[in-house]
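**Student:** Got a structure for you, questions after.
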Amino acid sequence: MMGHTHALTGAIAWLGLAPPLAALPLLNESSRFVETGIMATALSPAELIAGAIICAGAAMLPDLDHPSATIAQTFGPVTWGLSKVVSWIGGGHRGATHSLAFAVGMGFGAHWLATTYPIGRDIMVVLLIGLALRAVGVGIPGNKMGSVMINIGMTAGLYAVFLSLDVGYAWLGLVVGIGCFAHVVGDCMTERGCPVLWPLAAKFVLPWKIGIKTGRKFETKILAPILSVAIVGLLFWRLGPV
């Protein structure tokens, strides 16, 4: 799937899953269920929207193994160089990064950053906001450097807004894991499939033998508008008056 499709599905996954997950009970030290949910203090309207944007960016992370992908062009040489390294380590495109193991690992890694190193957490948040903006087409067509500068400016602006609204990131690990897994599920719907159970080599394709062709008319003219409408609908549902 194309970058903007992954970003849209990431946002949809967060808007659809975050409130139900927030209602799940926690276990306290005595192994008894408590009333509060796993994100009981992290679902203000601002945090729900921030999570949708960050999840859209996280849904781009598996394509770090592809130096020509949208994610590799987001912040110029920095993300391109990182992509080359990830591609080499992960065995090329649709290798290790397109798996359940990667989604879980990134989720736990982001949670660790969020709870241990605030600076690292903020760097990740900024990166994911930038990835989301780039994926949905923020930039100047045909002007890579101009696109990078616009992306940096808008990313900084959004981060400043979230900061002013006291957005917390206790849910960062969860949102990153959801975004990465949404990407894997999306690519399993294409003809090539993904090694979901990596390091096992077998690739999964859903629905069976009816893979979507990346970048073709169905994805760009039909699927993308449907996903956009779904995001608007979910926002009204989650943020509208009860």
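Naming works like this for the structure tokens: A, B, ... for the chains as they're shown, residue 1 at the start of each chain, ligands 1 onward in shown order.
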Each residue of segment 117-202 of chain A with at least one atom at most 12 Å from segment 50-67 of chain A should appear once, together with its nearest atom pair and the corresponding distance in Å (one decimal); atoms considered: only C-alpha atoms; ordering: chain, then increasing residue number; output as a tab-separated table.
**Tutor:**
residue	atom	partner	partner_atom	distance
A:Asp122	CA	A:Ile54	CA	11.6
A:Met124	CA	A:Ile54	CA	9.4
A:Val125	CA	A:Ile54	CA	6.8
A:Val126	CA	A:Ile54	CA	8.7
A:Leu127	CA	A:Gly57	CA	7.9
A:Leu128	CA	A:Gly57	CA	4.4
A:Ile129	CA	A:Ile54	CA	5.5
A:Gly130	CA	A:Gly57	CA	7.2
A:Leu131	CA	A:Gly57	CA	4.7
A:Ala132	CA	A:Gly57	CA	4.1
A:Leu133	CA	A:Gly57	CA	7.8
A:Arg134	CA	A:Gly57	CA	8.8
A:Ala135	CA	A:Gly57	CA	7.7
A:Val136	CA	A:Ala56	CA	9.3
A:Thr155	CA	A:Ile53	CA	10.7
A:Leu158	CA	A:Ala50	CA	8.9
A:Tyr159	CA	A:Ala50	CA	9.0
A:Ala160	CA	A:Ala50	CA	11.6
A:Val161	CA	A:Ala50	CA	9.8
A:Phe162	CA	A:Ala50	CA	7.1
A:Leu163	CA	A:Ala50	CA	10.5
A:Leu165	CA	A:Ala50	CA	10.3
A:Asp166	CA	A:Ala50	CA	11.0
A:Val167	CA	A:Ala50	CA	7.7
A:Gly168	CA	A:Ala50	CA	9.5
A:Tyr169	CA	A:Gly51	CA	8.7
A:Ala170	CA	A:Gly51	CA	10.7
A:Trp171	CA	A:Gly51	CA	8.2
A:Leu172	CA	A:Gly51	CA	7.9
A:Gly173	CA	A:Cys55	CA	10.2
A:Leu174	CA	A:Cys55	CA	9.2
A:Val175	CA	A:Cys55	CA	5.4
A:Val176	CA	A:Ala58	CA	5.2
A:Gly177	CA	A:Ala58	CA	7.8
A:Ile178	CA	A:Cys55	CA	7.1
A:Gly179	CA	A:Ala59	CA	4.1
A:Cys180	CA	A:Ala59	CA	4.7
A:Phe181	CA	A:Ala59	CA	7.4
A:Ala182	CA	A:Ala59	CA	6.3
A:His183	CA	A:Ala59	CA	5.1
A:Val184	CA	A:Pro62	CA	7.7
A:Val185	CA	A:Ala59	CA	10.3
A:Gly186	CA	A:Ala59	CA	9.6
A:Asp187	CA	A:Pro62	CA	10.1
A:Cys194	CA	A:Pro62	CA	10.9
A:Pro195	CA	A:Pro62	CA	12.0
A:Val196	CA	A:Pro62	CA	11.8
**Student:** Taking only segment 116-211 of chain A into account, list the residues labelled strand (DSSP E or B) by DSSP (computed from the backbone), as an MDAnalysis selection string.
**Tutor:** chainID A and resid 140 143 190 194 204
**Student:** Can you tell me which residues surround segment 137-148 of chain A at a distance of at most 12 Å, considering only C-alpha atoms, apart from same-chain residues fewer than 2 positions away, and format the answer as a ChimeraX atom specification?
**Tutor:** /A:2-5,7-8,70-79,129-135,150-155
**Student:** Suppose you want the space between atom CA of Leu234 of chain A and atom CA of Phe218 of chain A; what is it in Å?
**Tutor:**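 About the pair atom CA of Leu234 of chain A and atom CA of Phe218 of chain A: they are 22.4 Å apart.
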**Student:** Fewer than 6 positions away in the same chain doesn't count, so skip those; otherwise give me all residues within 8 Å of Leu197 of chain A, counting only C-alpha atoms, as a PyMOL selection string.
**Tutor:** chain A and resi 99-101
**Student:** Kindly give the distance, in Å, that separates atom CA of Leu227 of chain A and atom CA of Gly16 of chain A, rounded to a single decimal.
**Tutor:** 12.5 Å
**Student:** Out of segment 147-234 of chain A, which residues get helix (DSSP H, G or I) from DSSP, as a VMD selection string?
**Tutor:** chain A and resid 147 to 164 172 to 188 217 to 234
**Student:** What is the atom CA of Ala114 of chain A to atom CA of His98 of chain A distance in Å?
**Tutor:**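 Going from atom CA of Ala114 of chain A over to atom CA of His98 of chain A, I get 23.3 Å.
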